[in-house]
Every structure is written in C-alpha cells, then in structure tokens.
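Trainee: Here you go, one structure.
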Amino acid sequence: MNIKKLRAKMVENGYTLKTLSKAMGLSISTIQRKVSGTCEFSRDEIEKLSKVLKLNSEQIIDIFFTLKVS
C-alpha cells in the first residue's frame, strides 16, 4: 500500500483520521492502524474508501496494489 498517496487523497478531500473513521464506520484506532499500514484494508473497506475519497480505478490500483516482479 502506498501510504503517502492515501494520506494525500485524504488531505485533498478534507478528511482527518477522525472524520474518515466516521465515514467508514470504523473506530479511530482501527483506521489509524490501516492508514499507517500496520493492518490491511479488506476488499469491502477498499471499495467503501474509494467511494468516500472519490478514487478512480487507476488511483485504487496505485494506492492499494503493488506490482512485484521477480
């Protein structure tokens, strides 16, 4: 997950951890762990977050998925 890009989208849309936690229906401590990368967002949470932050499919891929080439 690209934490910097996620936080940038939060700021761009005027969300703090507190307001994002309310919009997502999660506790502040849970959203802190997820935004910091300690815990992963579930698929349902990614879908909800993409609606809250108005992310398009390219942004979702850029923020939540990394291409690993071995």
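FYI, nothing fancy with the structure tokens labels: chains A, B, ... in order, residues from 1 per chain, ligands from 1 as they appear.
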Just the residues within 8 Å of Ile31 (chain A), please, counting only C-alpha atoms, with nothing from its chain fewer than 4 positions along; format it as a PyMOL selection string.
Mentor: chain A and resi 17+20-21+26-27+35
Trainee: As a PyMOL selection string, please: all residues of chain A that backbone DSSP puts in alpha helix (DSSP H).
Mentor: chain A and resi 3-12+17-24+28-36+43-52+57-64
Trainee: So that I can check the surroundings of Leu49 (chain A), please list as a ChimeraX atom specification every protein, DNA and RNA residue that reaches within 12 Å of it, counting only C-alpha atoms and ignoring chain neighbours fewer than 3 positions away.
Mentor: /A:6,9-10,13,15,20-26,31,34-35,41-46,52-56,59-60,63-64
Trainee: Could you jot down the CA of Asp62 (chain A) to CA of Asn2 (chain A) separation for me, Å, one decimal place?
Mentor: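 According to the coordinates, CA of Asp62 (chain A) and CA of Asn2 (chain A) are separated by 7.3 Å.
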